[in-house]
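K.L.:
Contents are TSV, C-alpha atoms; file name target23.tsv:
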chain	number	residue	atom	x	y	z
A	1	MET	CA	-217.40	-106.37	-77.23
A	2	LEU	CA	-217.28	-107.57	-80.85
A	3	LYS	CA	-216.92	-103.96	-82.02
A	4	TYR	CA	-213.86	-103.39	-79.82
A	5	LEU	CA	-212.31	-106.68	-80.96
A	6	THR	CA	-212.82	-105.60	-84.58
A	7	TYR	CA	-210.98	-102.32	-83.95
A	8	PHE	CA	-208.15	-104.22	-82.28
A	9	VAL	CA	-207.79	-106.62	-85.24
A	10	VAL	CA	-207.87	-103.70	-87.69
A	11	GLY	CA	-205.13	-102.01	-85.65
A	12	VAL	CA	-202.97	-105.15	-85.70
A	13	PHE	CA	-203.34	-105.49	-89.48
A	14	ILE	CA	-202.45	-101.84	-90.09
A	15	GLY	CA	-199.52	-102.07	-87.65
A	16	ILE	CA	-198.07	-105.09	-89.47
A	17	LEU	CA	-198.14	-103.39	-92.87
A	18	ALA	CA	-196.85	-100.12	-91.43
A	19	ALA	CA	-193.80	-101.75	-89.82
A	20	MET	CA	-193.05	-104.03	-92.78
A	21	PHE	CA	-192.81	-101.12	-95.20
A	22	GLY	CA	-191.80	-98.27	-92.89
A	23	LEU	CA	-194.88	-96.27	-93.85
A	24	GLY	CA	-196.30	-95.33	-90.46
A	25	GLY	CA	-199.77	-96.69	-91.24
A	26	GLY	CA	-201.63	-93.48	-92.01
A	27	PHE	CA	-202.33	-94.70	-95.54
A	28	LEU	CA	-204.78	-97.19	-94.02
A	29	ILE	CA	-205.82	-95.37	-90.83
A	30	VAL	CA	-207.18	-92.31	-92.68
A	31	PRO	CA	-209.53	-94.20	-95.06
A	32	THR	CA	-210.55	-96.61	-92.26
A	33	LEU	CA	-211.59	-93.78	-89.95
A	34	ASN	CA	-213.26	-91.92	-92.80
A	35	PHE	CA	-215.19	-95.08	-93.73
A	36	LEU	CA	-216.33	-95.38	-90.10
A	37	GLY	CA	-217.80	-91.89	-90.27
A	38	VAL	CA	-214.97	-89.65	-89.04
A	39	GLU	CA	-214.80	-86.33	-90.94
A	40	ILE	CA	-211.73	-86.26	-93.22
A	41	HIS	CA	-209.81	-83.51	-91.40
A	42	HIS	CA	-210.37	-85.30	-88.09
A	43	ALA	CA	-209.40	-88.62	-89.71
A	44	VAL	CA	-206.10	-87.09	-90.85
A	45	GLY	CA	-205.46	-85.57	-87.42
A	46	THR	CA	-206.30	-88.75	-85.52
A	47	SER	CA	-204.17	-90.74	-87.96
A	48	SER	CA	-201.19	-88.47	-87.31
A	49	ALA	CA	-201.52	-89.15	-83.59
A	50	ALA	CA	-201.94	-92.91	-84.09
A	51	VAL	CA	-198.87	-93.06	-86.34
A	52	VAL	CA	-196.75	-91.81	-83.41
A	53	PHE	CA	-197.45	-95.06	-81.55
A	54	THR	CA	-197.11	-97.29	-84.63
A	55	SER	CA	-193.75	-95.84	-85.66
A	56	LEU	CA	-192.43	-95.83	-82.09
A	57	SER	CA	-193.26	-99.51	-81.70
A	58	SER	CA	-191.65	-100.27	-85.09
A	59	ALA	CA	-188.55	-98.22	-84.27
A	60	ILE	CA	-188.03	-100.07	-80.97
A	61	ALA	CA	-188.23	-103.41	-82.80
A	62	TYR	CA	-185.81	-102.30	-85.53
A	63	ALA	CA	-183.42	-100.80	-82.96
A	64	ARG	CA	-183.13	-104.27	-81.43
A	65	GLN	CA	-182.30	-105.61	-84.89
A	66	ARG	CA	-179.66	-102.83	-85.30
A	67	ARG	CA	-181.03	-101.77	-88.68
A	68	ILE	CA	-181.62	-98.06	-88.04
A	69	HIS	CA	-179.22	-95.60	-89.69
A	70	TYR	CA	-179.44	-93.02	-86.91
A	71	LYS	CA	-177.55	-90.23	-88.67
A	72	ALA	CA	-179.82	-90.40	-91.72
A	73	GLY	CA	-182.85	-90.76	-89.45
A	74	PHE	CA	-182.06	-87.65	-87.42
A	75	LEU	CA	-181.32	-85.66	-90.58
A	76	LEU	CA	-184.67	-86.72	-92.05
A	77	ALA	CA	-186.47	-85.81	-88.84
A	78	SER	CA	-184.73	-82.43	-88.50
A	79	THR	CA	-186.59	-80.99	-91.48
A	80	ALA	CA	-189.55	-83.37	-91.49
A	81	VAL	CA	-190.74	-81.93	-88.17
A	82	ILE	CA	-190.92	-78.46	-89.76
A	83	GLY	CA	-192.58	-79.87	-92.88
A	84	ALA	CA	-195.18	-81.78	-90.84
A	85	TYR	CA	-196.13	-78.64	-88.93
A	86	ILE	CA	-196.49	-76.72	-92.20
A	87	GLY	CA	-198.46	-79.57	-93.80
A	88	ALA	CA	-200.90	-79.73	-90.89
A	89	TRP	CA	-201.33	-75.94	-91.05
A	90	MET	CA	-202.00	-76.13	-94.81
A	91	THR	CA	-205.06	-78.36	-94.27
A	92	SER	CA	-206.94	-75.28	-93.01
A	93	PHE	CA	-206.43	-73.36	-96.24
A	94	ILE	CA	-206.20	-75.67	-99.25
A	95	SER	CA	-207.81	-78.72	-100.75
A	96	ALA	CA	-205.46	-81.65	-101.10
A	97	GLY	CA	-207.10	-82.82	-104.37
A	98	GLN	CA	-204.60	-81.48	-106.91
A	99	LEU	CA	-201.68	-82.30	-104.65
A	100	LYS	CA	-202.89	-85.90	-104.37
A	101	VAL	CA	-202.99	-86.29	-108.15
A	102	ILE	CA	-199.49	-84.87	-108.70
A	103	PHE	CA	-198.14	-86.75	-105.70
A	104	GLY	CA	-199.73	-90.01	-106.84
A	105	LEU	CA	-198.33	-89.78	-110.38
A	106	ALA	CA	-194.84	-89.15	-109.02
A	107	LEU	CA	-195.16	-92.11	-106.64
A	108	ILE	CA	-196.15	-94.51	-109.43
A	109	THR	CA	-192.99	-93.51	-111.33
A	110	VAL	CA	-190.88	-94.09	-108.23
A	111	ALA	CA	-192.60	-97.42	-107.54
A	112	VAL	CA	-191.70	-98.70	-111.02
A	113	ARG	CA	-188.05	-97.71	-110.50
A	114	ILE	CA	-187.90	-99.39	-107.10
A	115	TYR	CA	-189.48	-102.57	-108.47
A	116	ARG	CA	-186.81	-102.83	-111.19
A	117	LYS	CA	-183.85	-101.77	-109.03
A	118	LYS	CA	-181.51	-104.47	-107.71
A	119	THR	CA	-180.88	-104.47	-103.98
A	120	ALA	CA	-178.52	-106.21	-101.57
A	121	GLU	CA	-179.51	-108.46	-98.68
A	122	PRO	CA	-178.72	-107.10	-95.17
A	123	SER	CA	-176.11	-109.83	-94.71
A	124	GLU	CA	-174.25	-108.60	-97.80
A	125	VAL	CA	-173.58	-105.09	-96.50
A	126	LYS	CA	-172.76	-103.57	-93.12
A	127	LEU	CA	-174.66	-100.51	-92.02
A	128	GLU	CA	-171.50	-98.61	-91.13
A	129	ASP	CA	-170.13	-99.20	-94.64
A	130	VAL	CA	-173.12	-97.59	-96.38
A	131	GLU	CA	-172.26	-94.23	-97.95
A	132	ILE	CA	-175.03	-91.77	-98.78
A	133	ASN	CA	-175.18	-88.07	-99.61
A	134	TYR	CA	-176.10	-86.61	-96.23
A	135	LYS	CA	-176.62	-83.14	-97.70
A	136	LEU	CA	-179.66	-84.40	-99.62
A	137	VAL	CA	-181.32	-86.23	-96.72
A	138	PRO	CA	-182.90	-83.12	-95.09
A	139	VAL	CA	-184.48	-82.19	-98.45
A	140	GLY	CA	-186.38	-85.47	-98.62
A	141	GLY	CA	-187.26	-85.15	-94.95
A	142	PHE	CA	-188.89	-81.77	-95.48
A	143	PHE	CA	-191.20	-83.00	-98.27
A	144	ALA	CA	-191.96	-86.19	-96.32
A	145	GLY	CA	-192.98	-83.97	-93.42
A	146	ILE	CA	-195.34	-81.89	-95.56
A	147	ALA	CA	-196.96	-85.08	-96.89
A	148	SER	CA	-197.29	-86.35	-93.33
A	149	GLY	CA	-199.00	-83.25	-91.99
A	150	LEU	CA	-201.16	-82.59	-95.04
A	151	LEU	CA	-202.27	-86.12	-95.90
A	152	GLY	CA	-201.78	-87.96	-92.58
A	153	VAL	CA	-199.64	-90.66	-94.23
A	154	GLY	CA	-196.64	-90.64	-91.89
A	155	GLY	CA	-194.03	-89.63	-94.46
A	156	GLY	CA	-192.60	-93.10	-95.06
A	157	ILE	CA	-194.08	-93.16	-98.54
A	158	ILE	CA	-191.37	-90.61	-99.38
A	159	ASN	CA	-188.71	-91.66	-96.86
A	160	VAL	CA	-188.25	-95.25	-98.01
A	161	PRO	CA	-187.90	-94.69	-101.80
A	162	PHE	CA	-185.78	-91.60	-101.12
A	163	LEU	CA	-183.38	-93.49	-98.83
A	164	THR	CA	-183.10	-96.41	-101.25
A	165	TYR	CA	-182.38	-93.91	-104.04
A	166	LEU	CA	-179.53	-92.53	-101.91
A	167	GLY	CA	-178.09	-96.04	-101.59
A	168	LEU	CA	-179.52	-97.41	-98.35
A	169	PRO	CA	-180.59	-101.09	-98.66
A	170	ILE	CA	-184.34	-101.62	-98.40
A	171	HIS	CA	-184.31	-103.25	-94.94
A	172	TYR	CA	-182.31	-100.37	-93.48
A	173	ALA	CA	-184.42	-97.80	-95.34
A	174	VAL	CA	-187.62	-99.24	-93.84
A	175	ALA	CA	-186.12	-99.27	-90.32
A	176	THR	CA	-184.70	-95.74	-90.61
A	177	SER	CA	-187.99	-94.44	-91.99
A	178	SER	CA	-189.87	-95.88	-89.01
A	179	PHE	CA	-187.45	-94.11	-86.67
A	180	ALA	CA	-187.76	-90.74	-88.44
A	181	ILE	CA	-191.56	-90.96	-88.56
A	182	VAL	CA	-191.69	-90.92	-84.74
A	183	PHE	CA	-190.58	-87.28	-84.82
A	184	THR	CA	-192.51	-86.33	-87.96
A	185	ALA	CA	-195.82	-87.76	-86.76
A	186	THR	CA	-195.39	-86.20	-83.30
A	187	ALA	CA	-195.00	-82.73	-84.83
A	188	GLY	CA	-198.04	-83.19	-87.06
A	189	ALA	CA	-200.10	-84.70	-84.23
A	190	ILE	CA	-199.38	-81.78	-81.89
A	191	LYS	CA	-200.50	-79.27	-84.51
A	192	HIS	CA	-203.63	-81.28	-85.35
A	193	TYR	CA	-204.46	-81.62	-81.64
A	194	MET	CA	-204.16	-77.85	-81.22
A	195	MET	CA	-206.55	-77.47	-84.18
A	196	GLY	CA	-209.04	-79.89	-82.61
A	197	ASN	CA	-208.62	-82.57	-85.27
A	198	VAL	CA	-207.69	-85.51	-83.00
A	199	GLU	CA	-210.53	-87.83	-81.92
A	200	LEU	CA	-209.16	-89.31	-78.69
A	201	HIS	CA	-211.70	-92.12	-78.34
A	202	TRP	CA	-210.78	-93.50	-81.78
A	203	LEU	CA	-207.12	-93.23	-80.82
A	204	VAL	CA	-207.67	-95.34	-77.70
A	205	LEU	CA	-209.51	-98.01	-79.71
A	206	LEU	CA	-206.82	-98.39	-82.40
A	207	VAL	CA	-203.49	-97.88	-80.60
A	208	PRO	CA	-203.20	-101.26	-78.74
A	209	GLY	CA	-203.58	-103.21	-81.98
A	210	LEU	CA	-201.25	-100.85	-83.85
A	211	ILE	CA	-198.46	-101.34	-81.30
A	212	ILE	CA	-198.71	-105.14	-81.35
A	213	GLY	CA	-199.04	-105.24	-85.13
A	214	ALA	CA	-195.93	-103.08	-85.57
A	215	GLN	CA	-193.87	-105.52	-83.51
A	216	LEU	CA	-195.10	-108.41	-85.65
A	217	GLY	CA	-194.47	-106.50	-88.88
A	218	ALA	CA	-190.84	-105.78	-87.95
A	219	ARG	CA	-190.28	-109.49	-87.29
A	220	ILE	CA	-191.86	-110.46	-90.62
A	221	ALA	CA	-189.70	-107.91	-92.47
A	222	LYS	CA	-186.57	-109.35	-90.85
A	223	ARG	CA	-187.37	-112.78	-92.31
A	224	THR	CA	-188.23	-111.45	-95.78
A	225	ARG	CA	-185.66	-111.39	-98.59
A	226	ALA	CA	-184.65	-107.90	-99.70
A	227	SER	CA	-185.79	-108.51	-103.28
A	228	SER	CA	-189.23	-109.67	-102.11
A	229	LEU	CA	-189.58	-106.80	-99.63
A	230	LYS	CA	-188.54	-104.29	-102.30
A	231	LYS	CA	-191.07	-105.58	-104.84
A	232	ALA	CA	-193.85	-105.81	-102.25
A	233	PHE	CA	-193.16	-102.24	-101.17
A	234	ALA	CA	-193.26	-101.06	-104.81
A	235	VAL	CA	-196.62	-102.76	-105.38
A	236	VAL	CA	-198.09	-101.33	-102.16
A	237	MET	CA	-196.84	-97.86	-103.05
A	238	ALA	CA	-198.30	-98.07	-106.57
A	239	LEU	CA	-201.70	-99.08	-105.14
A	240	LEU	CA	-201.57	-96.22	-102.64
A	241	ALA	CA	-200.63	-93.81	-105.43
A	242	LEU	CA	-203.54	-95.00	-107.59
A	243	ARG	CA	-205.93	-94.57	-104.67
A	244	MET	CA	-204.51	-91.10	-104.02
A	245	ILE	CA	-205.04	-90.08	-107.65
A	246	LEU	CA	-208.63	-91.33	-107.68
A	247	LYS	CA	-209.39	-89.53	-104.42
A	248	GLY	CA	-207.79	-86.37	-105.81
A	249	LEU	CA	-210.00	-86.58	-108.90
A	250	GLY	CA	-213.09	-86.84	-106.74
A	251	PHE	CA	-213.85	-90.55	-106.98
A	252	SER	CA	-215.35	-92.20	-103.91
A	253	VAL	CA	-212.89	-94.95	-102.99
A	254	PRO	CA	-212.35	-96.63	-99.58
Starting from the file, lay out its structure as structure tokens.
P.N.:
Amino acid sequence: MLKYLTYFVVGVFIGILAAMFGLGGGFLIVPTLNFLGVEIHHAVGTSSAAVVFTSLSSAIAYARQRRIHYKAGFLLASTAVIGAYIGAWMTSFISAGQLKVIFGLALITVAVRIYRKKTAEPSEVKLEDVEINYKLVPVGGFFAGIASGLLGVGGGIINVPFLTYLGLPIHYAVATSSFAIVFTATAGAIKHYMMGNVELHWLVLLVPGLIIGAQLGARIAKRTRASSLKKAFAVVMALLALRMILKGLGFSVP
């Protein structure tokens, strides 16, 4: 009984962080499953499936708050789905080590820029007044999809900084990323399931907590100032990038 309660609490914690930062939750699910003894490819596959439920729960909460930029979200998803399928397929042929190092270094650079960048509070700008370059959105979606399928991280680690770079305020970027990840993670999860990489019993143990945690995380994000949310996201992303680099270099880190 205590074991199942532990998994539920872990799921809630991951769900909160995933919804707060629009990251899907794979960045914590993969190392958690791997630590519990799940082989890395199966951990990535199971994470991709779990992220479907986390992001869906987050997206529902953000839809109620009317913070999802649906046009940008659908454009992200349109190419992210293809990228996620390709990324999942790539896990059968290549090691992600070098990619993790390059990816991590790029993320640290982006994290520093996000931390320093000024941002507006949601009350200071209306969603319909936000202007972004829609032609660039599918490009970011494609690479977010590859990261999702290959690393099991959901894609939000690219979506959120990319959307803020295009001019979307951080709260809206987080919400829109959560929405887009629903489609990205579903594509990656289907491919991983076909490859036999999804451990269904672990999925059942984690999903209830993930769903509840995502609802709580969306509420916490709503009450957090944009400047604080932006800086917290930058710090989290830098830590994830550092972990990714160390893992890519062969260090044993949780």
K.L.:
Smallest atom-to-atom distance to Gly15 in chain A: which of A:Lys191, A:His171, A:Lys71, A:Arg219, using all atoms listed in the file?
P.N.:
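Ranking A:Lys191, A:His171, A:Lys71, A:Arg219 by distance to Gly15 in chain A, first place goes to A:Arg219.
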K.L.:
Calculated over all atoms listed in the file, which of the candidates A:Ile29, A:Ile190, A:Met20, A:Ile146 has the smallest distance to Ala84 in chain A?
P.N.:
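Closest to Ala84 in chain A of all the choices is A:Ile146.
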K.L.:
How far is it from CA of Val81 in chain A to CA of Val139 in chain A, in Å with one decimal?
P.N.:
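CA of Val139 in chain A lies 12.0 Å from CA of Val81 in chain A.
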K.L.:
Between CA of Phe74 in chain A and CA of Ile14 in chain A, what is the distance, to one decimal in Å?
P.N.:
25.0 Å
K.L.:
Can you tell me how far CA of Arg223 in chain A sits from CA of Asn159 in chain A, in Å to one decimal?
P.N.:
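Result for CA of Arg223 in chain A versus CA of Asn159 in chain A: 21.6 Å, one decimal.
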K.L.:
Near Ile40 in chain A, within 10 Å and counting all atoms listed in the file, which residues show up once chain neighbours fewer than 3 positions away are dropped, as a PyMOL selection string?
P.N.:
chain A and resi 30-31+33-35+37+43-46+151+197
K.L.:
Of the residues A:Gly145, A:Ala187, A:Val182, A:Glu131, which is the one nearest to Leu166 in chain A, using only C-alpha atoms?
P.N.:
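Of the candidates, the smallest distance to Leu166 in chain A is held by A:Glu131.
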K.L.:
Taking only residues of range 17-112 of chain A that have an atom at most 12 Å from an atom of range 132-135 of chain A, what is each one's shortest atom pair and its distance in Å to one decimal, using only C-alpha atoms, in chain and number order, as CSV?
P.N.:
residue,atom,partner,partner_atom,distance
A:His69,CA,A:Ile132,CA,10.7
A:Tyr70,CA,A:Tyr134,CA,11.8
A:Lys71,CA,A:Tyr134,CA,8.5
A:Ala72,CA,A:Tyr134,CA,7.0
A:Gly73,CA,A:Tyr134,CA,10.4
A:Phe74,CA,A:Tyr134,CA,10.7
A:Leu75,CA,A:Tyr134,CA,7.8
A:Leu76,CA,A:Tyr134,CA,9.5
A:Thr79,CA,A:Lys135,CA,11.9
K.L.:
Return the single residue from A:Val112, A:Ser47, A:Ala232, A:Leu17 that is closest to Glu199 in chain A, with distances computed using only C-alpha atoms.
P.N.:
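Of all the options, A:Ser47 lies closest to Glu199 in chain A.
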